[in-house]
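Have a look at run32.pdb; it's PDB, C-alpha atoms and all ligand atoms:
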MODEL        1
ATOM      1  CA  MET O   1     -63.234 -31.827 -81.545
ATOM      2  CA  SER O   2     -65.658 -34.124 -83.414
ATOM      3  CA  LEU O   3     -65.033 -37.519 -84.920
ATOM      4  CA  THR O   4     -66.551 -39.075 -87.984
ATOM      5  CA  LEU O   5     -68.522 -42.240 -87.250
ATOM      6  CA  CYS O   6     -69.878 -45.133 -89.293
ATOM      7  CA  SER O   7     -71.952 -47.899 -87.756
ATOM      8  CA  GLU O   8     -73.120 -51.230 -89.128
ATOM      9  CA  ALA O   9     -75.437 -53.928 -87.785
ATOM     10  CA  LEU O  10     -74.642 -57.475 -88.924
ATOM     11  CA  SER O  11     -76.197 -60.639 -87.450
ATOM     12  CA  GLY O  12     -77.840 -59.401 -84.249
ATOM     13  CA  CYS O  13     -81.094 -57.935 -82.988
ATOM     14  CA  SER O  14     -80.421 -54.168 -83.122
ATOM     15  CA  GLY O  15     -80.662 -54.038 -79.331
ATOM     16  CA  CYS O  16     -77.143 -52.643 -79.184
ATOM     17  CA  GLU O  17     -78.196 -49.665 -81.300
ATOM     18  CA  MET O  18     -81.224 -49.218 -79.044
ATOM     19  CA  SER O  19     -78.902 -49.170 -76.050
ATOM     20  CA  LEU O  20     -76.758 -46.562 -77.750
ATOM     21  CA  LEU O  21     -79.811 -44.360 -78.334
ATOM     22  CA  ASN O  22     -81.304 -45.122 -74.921
ATOM     23  CA  ALA O  23     -78.125 -44.242 -73.159
ATOM     24  CA  GLY O  24     -79.681 -41.038 -71.915
ATOM     25  CA  GLY O  25     -78.596 -37.447 -71.649
ATOM     26  CA  SER O  26     -74.868 -37.822 -71.316
ATOM     27  CA  SER O  27     -74.537 -40.268 -74.172
ATOM     28  CA  LEU O  28     -76.931 -38.467 -76.476
ATOM     29  CA  SER O  29     -75.117 -35.174 -75.986
ATOM     30  CA  LEU O  30     -71.942 -37.116 -76.607
ATOM     31  CA  LEU O  31     -73.331 -38.192 -79.984
ATOM     32  CA  ASP O  32     -73.379 -34.484 -80.915
ATOM     33  CA  ARG O  33     -69.615 -34.704 -80.935
ATOM     34  CA  PHE O  34     -69.691 -37.344 -83.669
ATOM     35  CA  ASP O  35     -70.341 -36.635 -87.263
ATOM     36  CA  ILE O  36     -72.452 -39.695 -88.146
ATOM     37  CA  LEU O  37     -71.811 -40.492 -91.787
ATOM     38  CA  HIS O  38     -73.405 -43.908 -92.041
ATOM     39  CA  MET O  39     -75.773 -45.752 -89.697
ATOM     40  CA  PRO O  40     -78.430 -47.730 -91.599
ATOM     41  CA  LEU O  41     -80.628 -48.120 -88.536
ATOM     42  CA  LEU O  42     -80.878 -44.345 -88.135
ATOM     43  CA  MET O  43     -80.439 -42.796 -91.523
ATOM     44  CA  ASP O  44     -81.012 -43.674 -95.122
ATOM     45  CA  HIS O  45     -77.715 -44.325 -96.792
ATOM     46  CA  LYS O  46     -77.744 -46.294-100.009
ATOM     47  CA  TYR O  47     -75.119 -49.010-100.223
ATOM     48  CA  PHE O  48     -75.006 -48.803-103.994
ATOM     49  CA  ASP O  49     -75.583 -45.034-104.427
ATOM     50  CA  SER O  50     -79.084 -43.635-104.756
ATOM     51  CA  ALA O  51     -79.373 -44.613-108.419
ATOM     52  CA  GLY O  52     -78.253 -48.156-107.657
ATOM     53  CA  GLY O  53     -75.495 -47.845-110.217
ATOM     54  CA  ALA O  54     -72.408 -48.607-108.106
ATOM     55  CA  GLN O  55     -70.941 -52.092-108.053
ATOM     56  CA  GLU O  56     -69.248 -51.908-104.664
ATOM     57  CA  ILE O  57     -70.829 -51.234-101.268
ATOM     58  CA  ASP O  58     -70.323 -47.555-100.525
ATOM     59  CA  ILE O  59     -69.383 -46.789 -96.911
ATOM     60  CA  PRO O  60     -67.650 -43.453 -96.268
ATOM     61  CA  LYS O  61     -64.249 -43.153 -94.651
ATOM     62  CA  ALA O  62     -64.481 -42.438 -90.932
ATOM     63  CA  ARG O  63     -62.334 -42.265 -87.839
ATOM     64  CA  LEU O  64     -64.556 -44.670 -85.842
ATOM     65  CA  GLY O  65     -66.518 -47.721 -86.964
ATOM     66  CA  LEU O  66     -68.986 -49.396 -84.598
ATOM     67  CA  ILE O  67     -70.056 -52.898 -85.662
ATOM     68  CA  THR O  68     -72.775 -54.856 -83.906
ATOM     69  CA  GLY O  69     -73.649 -58.473 -84.623
ATOM     70  CA  GLY O  70     -71.693 -61.468 -85.794
ATOM     71  CA  VAL O  71     -70.845 -62.436 -89.357
ATOM     72  CA  ARG O  72     -73.231 -65.020 -90.810
ATOM     73  CA  ASN O  73     -73.449 -64.398 -94.545
ATOM     74  CA  GLU O  74     -71.367 -63.205 -97.456
ATOM     75  CA  GLN O  75     -72.868 -59.744 -97.549
ATOM     76  CA  GLN O  76     -72.136 -59.198 -93.851
ATOM     77  CA  LEU O  77     -68.578 -60.361 -94.410
ATOM     78  CA  ARG O  78     -68.138 -57.892 -97.272
ATOM     79  CA  ILE O  79     -69.605 -55.056 -95.167
ATOM     80  CA  ALA O  80     -67.251 -55.917 -92.292
ATOM     81  CA  GLU O  81     -64.264 -55.897 -94.644
ATOM     82  CA  ILE O  82     -65.253 -52.533 -96.121
ATOM     83  CA  MET O  83     -65.839 -51.067 -92.648
ATOM     84  CA  ARG O  84     -62.341 -52.226 -91.723
ATOM     85  CA  ARG O  85     -60.891 -50.609 -94.798
ATOM     86  CA  GLN O  86     -62.783 -47.331 -94.331
ATOM     87  CA  CYS O  87     -62.571 -46.835 -90.552
ATOM     88  CA  ASP O  88     -59.386 -46.152 -88.587
ATOM     89  CA  VAL O  89     -60.736 -47.720 -85.387
ATOM     90  CA  ILE O  90     -63.138 -50.661 -85.297
ATOM     91  CA  VAL O  91     -65.122 -51.446 -82.139
ATOM     92  CA  ALA O  92     -66.862 -54.821 -81.826
ATOM     93  CA  PHE O  93     -69.943 -53.446 -80.105
ATOM     94  CA  GLY O  94     -71.893 -55.955 -78.032
ATOM     95  CA  THR O  95     -71.648 -59.646 -77.331
ATOM     96  CA  CYS O  96     -72.799 -60.793 -80.790
ATOM     97  CA  ALA O  97     -69.901 -58.966 -82.442
ATOM     98  CA  ALA O  98     -67.486 -59.993 -79.697
ATOM     99  CA  TYR O  99     -68.395 -63.670 -79.201
ATOM    100  CA  GLY O 100     -71.192 -64.578 -81.629
ATOM    101  CA  GLY O 101     -73.958 -64.033 -79.094
ATOM    102  CA  ILE O 102     -77.425 -65.502 -79.477
ATOM    103  CA  PRO O 103     -77.208 -65.745 -83.317
ATOM    104  CA  ALA O 104     -74.273 -68.141 -82.959
ATOM    105  CA  MET O 105     -76.753 -70.682 -81.567
ATOM    106  CA  MET O 106     -77.441 -71.247 -85.275
ATOM    107  CA  ASN O 107     -74.076 -72.990 -85.423
ATOM    108  CA  LEU O 108     -75.757 -76.048 -83.911
ATOM    109  CA  PHE O 109     -77.959 -76.639 -86.942
ATOM    110  CA  GLU O 110     -77.615 -77.505 -90.591
ATOM    111  CA  ASP O 111     -78.627 -74.646 -92.870
ATOM    112  CA  GLU O 112     -81.398 -76.722 -94.417
ATOM    113  CA  ASP O 113     -82.891 -77.395 -90.966
ATOM    114  CA  LEU O 114     -82.852 -73.659 -90.271
ATOM    115  CA  PHE O 115     -84.577 -72.863 -93.557
ATOM    116  CA  ARG O 116     -87.166 -75.578 -92.926
ATOM    117  CA  ARG O 117     -87.894 -74.059 -89.544
ATOM    118  CA  TYR O 118     -88.035 -70.436 -90.731
ATOM    119  CA  TYR O 119     -90.066 -70.994 -93.876
ATOM    120  CA  ARG O 120     -92.142 -74.098 -93.269
ATOM    121  CA  THR O 121     -92.549 -75.341 -89.725
ATOM    122  CA  ALA O 122     -92.466 -72.244 -87.473
ATOM    123  CA  GLU O 123     -95.765 -71.621 -85.723
ATOM    124  CA  GLY O 124     -97.641 -68.826 -87.474
ATOM    125  CA  THR O 125     -95.648 -69.140 -90.699
ATOM    126  CA  ASP O 126     -97.325 -69.999 -93.965
ATOM    127  CA  GLU O 127     -95.350 -72.699 -95.712
ATOM    128  CA  ALA O 128     -93.053 -71.319 -98.414
ATOM    129  CA  LEU O 129     -90.038 -72.277-100.468
ATOM    130  CA  ASN O 130     -86.590 -71.108 -99.440
ATOM    131  CA  PRO O 131     -86.004 -67.691-100.989
ATOM    132  CA  SER O 132     -83.401 -68.084-103.668
ATOM    133  CA  GLU O 133     -82.668 -64.535-104.801
ATOM    134  CA  VAL O 134     -83.135 -62.100-101.951
ATOM    135  CA  ILE O 135     -80.874 -63.417 -99.221
ATOM    136  CA  PRO O 136     -77.090 -63.565 -99.459
ATOM    137  CA  PRO O 137     -75.495 -67.020 -99.214
ATOM    138  CA  PHE O 138     -74.687 -68.214 -95.702
ATOM    139  CA  LEU O 139     -71.127 -68.705 -94.519
ATOM    140  CA  GLU O 140     -70.500 -72.093 -92.909
ATOM    141  CA  ARG O 141     -71.316 -70.697 -89.445
ATOM    142  CA  THR O 142     -71.685 -67.492 -87.442
ATOM    143  CA  PHE O 143     -68.313 -65.855 -86.796
ATOM    144  CA  ALA O 144     -67.324 -63.320 -84.167
ATOM    145  CA  LEU O 145     -66.073 -60.153 -85.802
ATOM    146  CA  ASP O 146     -62.415 -60.707 -84.880
ATOM    147  CA  GLU O 147     -62.460 -64.048 -86.703
ATOM    148  CA  LYS O 148     -62.927 -62.144 -89.950
ATOM    149  CA  ILE O 149     -61.396 -58.688 -89.548
ATOM    150  CA  ALA O 150     -58.950 -56.993 -87.176
ATOM    151  CA  VAL O 151     -60.783 -55.438 -84.236
ATOM    152  CA  ASP O 152     -59.316 -52.636 -82.138
ATOM    153  CA  PHE O 153     -61.604 -52.732 -79.116
ATOM    154  CA  ILE O 154     -64.265 -55.073 -77.727
ATOM    155  CA  LEU O 155     -67.232 -53.668 -75.814
ATOM    156  CA  PRO O 156     -69.160 -56.704 -74.532
ATOM    157  CA  GLY O 157     -72.713 -56.854 -73.242
ATOM    158  CA  CYS O 158     -76.083 -57.879 -74.577
ATOM    159  CA  PRO O 159     -76.438 -55.000 -74.953
ATOM    160  CA  PRO O 160     -73.520 -53.075 -73.388
ATOM    161  CA  HIS O 161     -74.530 -50.921 -70.437
ATOM    162  CA  PRO O 162     -75.031 -47.246 -71.380
ATOM    163  CA  ASP O 163     -72.374 -46.228 -68.821
ATOM    164  CA  PHE O 164     -69.755 -48.214 -70.717
ATOM    165  CA  ILE O 165     -71.014 -47.039 -74.090
ATOM    166  CA  THR O 166     -70.552 -43.473 -72.879
ATOM    167  CA  LEU O 167     -67.158 -44.249 -71.363
ATOM    168  CA  THR O 168     -66.007 -45.905 -74.586
ATOM    169  CA  LEU O 169     -67.139 -43.057 -76.824
ATOM    170  CA  GLU O 170     -65.655 -40.435 -74.491
ATOM    171  CA  SER O 171     -62.343 -42.265 -74.339
ATOM    172  CA  ILE O 172     -62.166 -42.655 -78.110
ATOM    173  CA  LEU O 173     -62.868 -38.939 -78.493
ATOM    174  CA  GLU O 174     -59.821 -38.422 -76.278
ATOM    175  CA  GLY O 175     -57.780 -40.759 -78.449
ATOM    176  CA  LYS O 176     -57.621 -43.760 -76.088
ATOM    177  CA  PHE O 177     -59.537 -46.886 -75.117
ATOM    178  CA  PRO O 178     -61.257 -47.210 -71.729
ATOM    179  CA  GLN O 179     -60.461 -49.736 -69.053
ATOM    180  CA  LEU O 180     -63.483 -52.020 -68.716
ATOM    181  CA  PRO O 181     -64.075 -54.222 -65.653
ATOM    182  CA  LEU O 182     -61.754 -57.216 -65.415
ATOM    183  CA  VAL O 183     -63.622 -59.088 -62.702
ATOM    184  CA  SER O 184     -66.471 -61.576 -62.801
ATOM    185  CA  VAL O 185     -70.178 -61.094 -62.156
ATOM    186  CA  CYS O 186     -69.677 -62.969 -58.855
ATOM    187  CA  ASP O 187     -67.155 -60.361 -57.774
ATOM    188  CA  CYS O 188     -69.917 -57.747 -57.923
ATOM    189  CA  CYS O 189     -72.663 -59.929 -56.465
ATOM    190  CA  PRO O 190     -73.840 -59.174 -52.930
ATOM    191  CA  THR O 191     -75.644 -62.487 -52.284
ATOM    192  CA  LYS O 192     -74.722 -64.645 -49.297
ATOM    193  CA  ARG O 193     -72.311 -67.473 -50.070
ATOM    194  CA  GLU O 194     -72.253 -70.462 -47.797
ATOM    195  CA  GLY O 195     -69.215 -72.208 -49.082
ATOM    196  CA  LYS O 196     -67.942 -74.017 -52.087
ATOM    197  CA  GLY O 197     -69.704 -77.161 -53.092
ATOM    198  CA  SER O 198     -72.721 -76.606 -50.882
ATOM    199  CA  ALA O 199     -74.903 -77.601 -53.863
ATOM    200  CA  GLN O 200     -74.498 -81.245 -54.820
ATOM    201  CA  ARG O 201     -76.186 -81.053 -58.147
ATOM    202  CA  ILE O 202     -77.258 -78.308 -60.490
ATOM    203  CA  ARG O 203     -80.757 -77.678 -61.751
ATOM    204  CA  ARG O 204     -81.983 -75.546 -64.580
ATOM    205  CA  PHE O 205     -81.614 -71.778 -64.520
ATOM    206  CA  LEU O 206     -85.068 -71.267 -63.071
ATOM    207  CA  LYS O 207     -86.404 -73.856 -60.702
ATOM    208  CA  ASN O 208     -87.504 -73.428 -57.140
ATOM    209  CA  ALA O 209     -85.004 -70.759 -56.211
ATOM    210  CA  ARG O 210     -85.468 -69.228 -52.798
ATOM    211  CA  ARG O 211     -85.582 -65.660 -54.030
ATOM    212  CA  GLN O 212     -86.763 -64.094 -50.773
ATOM    213  CA  PRO O 213     -88.173 -60.969 -52.482
ATOM    214  CA  ASP O 214     -89.131 -59.456 -49.135
ATOM    215  CA  LYS O 215     -85.480 -59.355 -48.029
ATOM    216  CA  PRO O 216     -82.533 -57.294 -49.274
ATOM    217  CA  ILE O 217     -80.547 -58.979 -52.026
ATOM    218  CA  SER O 218     -77.612 -59.282 -49.630
ATOM    219  CA  GLU O 219     -79.655 -61.726 -47.581
ATOM    220  CA  MET O 220     -80.526 -63.980 -50.515
ATOM    221  CA  ARG O 221     -78.413 -67.108 -50.699
ATOM    222  CA  CYS O 222     -76.121 -67.344 -53.742
ATOM    223  CA  LEU O 223     -78.148 -68.961 -56.523
ATOM    224  CA  LEU O 224     -75.345 -71.357 -57.439
ATOM    225  CA  ASP O 225     -75.141 -72.439 -53.797
ATOM    226  CA  GLN O 226     -78.869 -73.109 -54.117
ATOM    227  CA  GLY O 227     -78.141 -75.446 -57.007
ATOM    228  CA  LEU O 228     -79.175 -73.134 -59.823
ATOM    229  CA  LEU O 229     -77.035 -72.829 -62.893
ATOM    230  CA  CYS O 230     -75.605 -69.329 -62.471
ATOM    231  CA  MET O 231     -72.880 -68.258 -64.901
ATOM    232  CA  GLY O 232     -71.639 -65.478 -62.625
ATOM    233  CA  PRO O 233     -68.261 -67.129 -61.872
ATOM    234  CA  VAL O 234     -67.231 -67.246 -65.547
ATOM    235  CA  THR O 235     -68.890 -64.102 -66.887
ATOM    236  CA  LEU O 236     -67.348 -60.659 -67.176
ATOM    237  CA  ALA O 237     -68.858 -58.020 -64.899
ATOM    238  CA  GLY O 238     -70.215 -54.720 -66.167
ATOM    239  CA  CYS O 239     -73.937 -55.214 -66.655
ATOM    240  CA  ALA O 240     -74.756 -52.922 -63.739
ATOM    241  CA  GLY O 241     -72.729 -50.161 -65.299
ATOM    242  CA  MET O 242     -70.757 -47.925 -62.993
ATOM    243  CA  THR O 243     -73.491 -47.728 -60.369
ATOM    244  CA  GLY O 244     -71.838 -50.274 -58.089
ATOM    245  CA  GLY O 245     -75.227 -52.023 -57.859
ATOM    246  CA  PRO O 246     -75.791 -55.776 -58.115
ATOM    247  CA  PRO O 247     -75.585 -57.537 -61.490
ATOM    248  CA  ARG O 248     -78.837 -57.019 -63.363
ATOM    249  CA  CYS O 249     -80.185 -60.585 -63.337
ATOM    250  CA  ILE O 250     -79.188 -61.149 -59.750
ATOM    251  CA  GLU O 251     -81.037 -57.978 -58.811
ATOM    252  CA  ALA O 252     -84.073 -59.531 -60.496
ATOM    253  CA  ARG O 253     -83.276 -62.672 -58.455
ATOM    254  CA  VAL O 254     -82.597 -64.895 -61.425
ATOM    255  CA  PRO O 255     -79.238 -66.497 -62.298
ATOM    256  CA  CYS O 256     -76.741 -64.883 -64.633
ATOM    257  CA  ARG O 257     -76.914 -66.396 -68.139
ATOM    258  CA  GLY O 258     -73.488 -65.166 -69.133
ATOM    259  CA  CYS O 259     -74.381 -62.344 -71.522
ATOM    260  CA  HIS O 260     -71.135 -60.397 -71.071
ATOM    261  CA  GLY O 261     -69.048 -63.297 -72.317
ATOM    262  CA  PRO O 262     -65.990 -64.834 -70.670
ATOM    263  CA  VAL O 263     -64.066 -63.121 -67.892
ATOM    264  CA  ARG O 264     -60.678 -63.817 -69.366
ATOM    265  CA  LYS O 265     -59.767 -63.125 -72.960
ATOM    266  CA  GLY O 266     -59.996 -66.338 -74.947
ATOM    267  CA  GLY O 267     -61.777 -68.065 -72.068
ATOM    268  CA  SER O 268     -64.472 -70.637 -72.723
ATOM    269  CA  GLN O 269     -67.552 -70.140 -70.584
ATOM    270  CA  ILE O 270     -68.580 -73.788 -70.901
ATOM    271  CA  MET O 271     -65.175 -75.240 -69.998
ATOM    272  CA  ASP O 272     -64.617 -72.766 -67.198
ATOM    273  CA  ILE O 273     -67.972 -73.367 -65.508
ATOM    274  CA  LEU O 274     -67.740 -77.154 -65.895
ATOM    275  CA  ASN O 275     -64.217 -77.149 -64.446
ATOM    276  CA  GLY O 276     -65.353 -74.907 -61.608
ATOM    277  CA  LEU O 277     -68.290 -77.130 -60.750
ATOM    278  CA  VAL O 278     -66.249 -80.317 -60.913
ATOM    279  CA  SER O 279     -63.468 -78.897 -58.779
ATOM    280  CA  ASN O 280     -66.089 -78.041 -56.156
ATOM    281  CA  GLY O 281     -67.334 -81.619 -56.119
ATOM    282  CA  ILE O 282     -70.541 -80.905 -57.996
ATOM    283  CA  ASP O 283     -71.946 -83.568 -60.303
ATOM    284  CA  THR O 284     -71.980 -82.245 -63.880
ATOM    285  CA  GLN O 285     -72.891 -85.527 -65.570
ATOM    286  CA  ASN O 286     -76.579 -84.778 -65.570
ATOM    287  CA  LEU O 287     -76.310 -81.053 -66.027
ATOM    288  CA  PRO O 288     -79.438 -79.942 -67.871
ATOM    289  CA  ASP O 289     -79.199 -78.115 -71.169
ATOM    290  CA  ARG O 290     -75.387 -78.119 -71.307
ATOM    291  CA  LEU O 291     -75.089 -76.197 -74.566
ATOM    292  CA  SER O 292     -76.959 -73.267 -73.074
ATOM    293  CA  LEU O 293     -73.692 -72.553 -71.255
ATOM    294  CA  LEU O 294     -72.461 -71.219 -74.588
ATOM    295  CA  ARG O 295     -75.616 -69.261 -75.277
ATOM    296  CA  PHE O 296     -73.648 -66.023 -75.611
ATOM    297  CA  SER O 297     -70.240 -67.174 -76.757
ATOM    298  CA  GLY O 298     -70.731 -69.839 -79.393
ATOM    299  CA  ALA O 299     -68.476 -68.337 -82.077
ATOM    300  CA  HIS O 300     -64.717 -68.986 -82.342
ATOM    301  CA  GLY O 301     -65.542 -72.595 -83.243
ATOM    302  CA  ARG O 302     -66.900 -73.384 -79.758
ATOM    303  CA  MET O 303     -70.400 -74.341 -80.791
ATOM    304  CA  ASN O 304     -70.917 -76.550 -83.790
ATOM    305  CA  ARG O 305     -73.127 -79.280 -85.201
ATOM    306  CA  ARG O 306     -70.914 -81.983 -83.770
ATOM    307  CA  SER O 307     -71.274 -80.588 -80.244
ATOM    308  CA  ALA O 308     -75.064 -80.623 -80.729
ATOM    309  CA  ARG O 309     -74.926 -84.312 -81.653
ATOM    310  CA  ASN O 310     -72.665 -85.134 -78.720
ATOM    311  CA  ALA O 311     -74.938 -83.339 -76.291
ATOM    312  CA  HIS O 312     -77.680 -85.910 -76.774
TER     313      HIS O 312
HETATM  314  S1  LIG D   1     -75.383 -58.244 -78.312
HETATM  315 FE1  LIG D   1     -77.493 -58.607 -77.623
HETATM  316  S2  LIG D   1     -78.479 -56.616 -77.858
HETATM  317 FE2  LIG D   1     -76.589 -56.563 -79.112
HETATM  318  S3  LIG D   1     -77.227 -57.215 -81.175
HETATM  319 FE3  LIG D   1     -76.556 -59.044 -80.056
HETATM  320  S4  LIG D   1     -78.453 -59.930 -79.194
HETATM  321 FE4  LIG D   1     -78.881 -57.797 -79.740
HETATM  322  S1  LIG D   2     -72.935 -67.673 -58.579
HETATM  323 FE1  LIG D   2     -74.491 -66.167 -59.176
HETATM  324  S2  LIG D   2     -75.688 -65.753 -57.325
HETATM  325 FE2  LIG D   2     -73.763 -66.746 -56.695
HETATM  326  S3  LIG D   2     -72.346 -65.085 -56.224
HETATM  327 FE3  LIG D   2     -72.018 -65.634 -58.383
HETATM  328  S4  LIG D   2     -73.378 -64.272 -59.521
HETATM  329 FE4  LIG D   2     -74.061 -64.227 -57.392
HETATM  330  S1  LIG D   3     -76.277 -60.958 -64.664
HETATM  331 FE1  LIG D   3     -75.216 -62.031 -66.326
HETATM  332  S2  LIG D   3     -76.780 -62.448 -67.909
HETATM  333 FE2  LIG D   3     -77.619 -60.918 -66.465
HETATM  334  S3  LIG D   3     -77.181 -58.956 -67.446
HETATM  335 FE3  LIG D   3     -75.474 -59.416 -66.033
HETATM  336  S4  LIG D   3     -73.911 -60.476 -67.276
HETATM  337 FE4  LIG D   3     -75.843 -60.496 -68.414
ENDMDL
END

Represent the supplied structure as structure tokens.
Amino acid sequence: MSLTLCSEALSGCSGCEMSLLNAGGSSLSLLDRFDILHMPLLMDHKYFDSAGGAQEIDIPKARLGLITGGVRNEQQLRIAEIMRRQCDVIVAFGTCAAYGGIPAMMNLFEDEDLFRRYYRTAEGTDEALNPSEVIPPFLERTFALDEKIAVDFILPGCPPHPDFITLTLESILEGKFPQLPLVSVCDCCPTKREGKGSAQRIRRFLKNARRQPDKPISEMRCLLDQGLLCMGPVTLAGCAGMTGGPPRCIEARVPCRGCHGPVRKGGSQIMDILNGLVSNGIDTQNLPDRLSLLRFSGAHGRMNRRSARNAH
């Protein structure tokens, strides 16, 4: 049986689509079982018909709609609404769609500051006026998809691991949703832990870690124990796919940044890690770069201009 599929990319980097296409043999052969009706990153499909005559965005009806990216402007909002109307099942595909992701870092800045940076002060950019006609108006901030439309399934990851992309597509073909991991990155991490609170203060993500590259990862001391800001305790597992191997960043001997979003639904990565550190007797007063704790989950009103002001 094949299913009709539409896919849209909103405010993101297209890495999720790359992951979908890079998923390898099993996933690519799986795509044969979908009748792809609309995927702007792969195929030319005119929003307003080929003659440009239609008034409304034209997205075909489909059984499955994959949406990557958060919602930052009025056009993206309209596309999300039409996808919802046209697709029976909507999957928020990737961390940007699920929690705002990296683009939600924009929520810290006034629009005018962003325009000034993009068009006038960025290194390598010739100074220009703000474009007035070619970009859709911004919404007041970047929204996760489920803040704007009903979402049926969330597949987190920046990007999601190909194993879970395959599992999700296979399950949907069978008329169900898959069970994704429910544990944290720490639960899958083989590093040596020497006890709660062994670090007294926390340094930046990368600073003087004892990575011991000549030893197996199981002999490396937990990076948080070493005093490095590792988001493993509050981040959903899954980045290693179904291999059973160590989390990807830990395997590279750098701390987890939190790209799979919170472990528990509705959880706040910043509150959860701060509470965890405090309850283990670790000083969080001078924690460097606090807002980076929301680097991947700044939608749902968690990251805003006021929090940027309060951080300084
Ligand atoms: S979740 Fe990551 S890979 Fe996917 S669109 Fe967002 S930034 Fe790109
Ligand atoms: S805090 Fe980081 S290094 Fe330590 S166990 Fe958790 S994921 Fe591994
Ligand atoms: S270790 Fe953390 S930041 Fe790195 S890929 Fe896994 S979930 Fe993402």

Requested in this report: For Tyr99 (chain O), please output as a ChimeraX atom specification all residues within 8 Å (counting all atoms listed in the file; exclusion window: fewer than 5 positions along the same chain).
Outcome: /O:70,143-145,261,296-300

Closest of O:Leu287, O:Ile102, O:Leu274, O:Ala150 to Cys13 (chain O), counting only C-alpha atoms, is O:Ile102

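Residue nearest ligand LIG 3 (chain D) within the list O:Ser268, O:Thr235, O:Asn304, O:Thr4: O:Thr235 [criterion: smallest interatomic distance, only C-alpha atoms and all ligand atoms].
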
Compute the set of protein, DNA and RNA residues whose minimum atom distance to ligand LIG 2 (chain D) is at most 8 Å, using all atoms listed in the file, and state it as a list in words.
Val185, Cys186, Asp187, Cys188, Cys189, Pro190, Thr191, Lys192, Arg193, Arg221, Cys222, Leu223, Leu224, Asp225, Leu229, Cys230, Met231, Gly232, Pro233, Pro247, Ile250, Pro255 and Cys256 of chain O

Is it possible to get the axis-aligned box enclosing ligand LIG 1 (chain D) (all listed atoms, 5 Å extra per side) as AutoDock Vina command-line options, with centre and edge lengths in Å rounded to one decimal?
--center_x -77.1 --center_y -58.2 --center_z -79.4 --size_x 13.5 --size_y 13.4 --size_z 13.6

Judged by all atoms listed in the file, the minimum distance to Lys265 (chain O) among O:Leu66, O:Leu3, O:Ile154, O:Leu291 is found for O:Ile154

Per residue of chain O within 6 Å of ligand LIG 3 (chain D), what are the shortest atom pair and its distance in Å to one decimal, counting only C-alpha atoms and all ligand atoms, with rows by chain and residue number, as JSON lines?
{"residue": "O:Cys239", "atom": "CA", "partner": "D:LIG3", "partner_atom": "FE3", "distance": 4.5}
{"residue": "O:Pro247", "atom": "CA", "partner": "D:LIG3", "partner_atom": "S1", "distance": 4.7}
{"residue": "O:Arg248", "atom": "CA", "partner": "D:LIG3", "partner_atom": "S3", "distance": 4.8}
{"residue": "O:Cys249", "atom": "CA", "partner": "D:LIG3", "partner_atom": "FE2", "distance": 4.1}
{"residue": "O:Ile250", "atom": "CA", "partner": "D:LIG3", "partner_atom": "S1", "distance": 5.7}
{"residue": "O:Cys256", "atom": "CA", "partner": "D:LIG3", "partner_atom": "FE1", "distance": 3.7}
{"residue": "O:Arg257", "atom": "CA", "partner": "D:LIG3", "partner_atom": "S2", "distance": 4.0}
{"residue": "O:Gly258", "atom": "CA", "partner": "D:LIG3", "partner_atom": "S2", "distance": 4.4}
{"residue": "O:Cys259", "atom": "CA", "partner": "D:LIG3", "partner_atom": "FE4", "distance": 3.9}
{"residue": "O:His260", "atom": "CA", "partner": "D:LIG3", "partner_atom": "S4", "distance": 4.7}

Quiz prompt | Cut-off 6 Å, all atoms listed in the file, neighbours of ligand LIG 1 (chain D) as a VMD selection string | solution = chain O and resid 12 to 16 68 to 69 94 to 96 101 to 102 157 to 159

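Among O:Glu8, O:Pro103, O:Pro246, O:Ile82, the residue with the shortest atom-to-atom distance to Glu56 (chain O), counting all atoms listed in the file, is O:Ile82.
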
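Across the structure, CA of Ala98 (chain O) and CA of Leu31 (chain O) are spaced 22.6 Å apart.
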
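For the file shown, the residue list from the PyMOL selection byres (((chain O and resi 136) around 12) and not hetatm) reads O:Val71, O:Arg72, O:Asn73, O:Glu74, O:Gln75, O:Gln76, O:Leu77, O:Arg78, O:Pro131, O:Ser132, O:Glu133, O:Val134, O:Ile135, O:Pro137, O:Phe138, O:Leu139.
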
Original post:
If the PyMOL selection byres (((chain O and resi 39) around 7) and not hetatm) is run on the structure shown, which residues does it catch, given as a VMD selection string?
Top reply: chain O and resid 6 to 8 37 to 38 40 to 43

Any chance you could export the current selection's C-alpha atoms as a short mmCIF file (atom, residue, chain, number, x, y, z; two decimals), in the coordinates of the input?
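This went into part_38.cif:
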data_model
loop_
_atom_site.label_atom_id
_atom_site.label_comp_id
_atom_site.auth_asym_id
_atom_site.auth_seq_id
_atom_site.Cartn_x
_atom_site.Cartn_y
_atom_site.Cartn_z
CA CYS O 6 -69.88 -45.13 -89.29
CA SER O 7 -71.95 -47.90 -87.76
CA GLU O 8 -73.12 -51.23 -89.13
CA LEU O 37 -71.81 -40.49 -91.79
CA HIS O 38 -73.40 -43.91 -92.04
CA PRO O 40 -78.43 -47.73 -91.60
CA LEU O 41 -80.63 -48.12 -88.54
CA LEU O 42 -80.88 -44.34 -88.14
CA MET O 43 -80.44 -42.80 -91.52
#

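Put simply, CA of Ile149 (chain O) is 10.6 Å away from CA of Ile79 (chain O).
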
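The smallest atom-to-atom distance between Ser2 (chain O) and any of O:Glu251, O:Glu17, O:Glu170, O:Asp126, using all atoms listed in the file, is found for O:Glu170.
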
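For the choices O:Lys46, O:Gly227, O:Ala92, O:Gln212, the atom-to-atom distance to Ile165 (chain O) is smallest for O:Ala92 when using all atoms listed in the file.
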
Expressed in Å, the length from CA of Gly244 (chain O) to CA of Met271 (chain O) is 28.5 Å

- Message: Can you pull out the residues contacting Asp272 (chain O)? Cut-off 9 Å, using only C-alpha atoms, and skip same-chain residues under 4 positions away; I want them as a ChimeraX atom specification.
- Response: /O:233-234,262,267-268,276-277
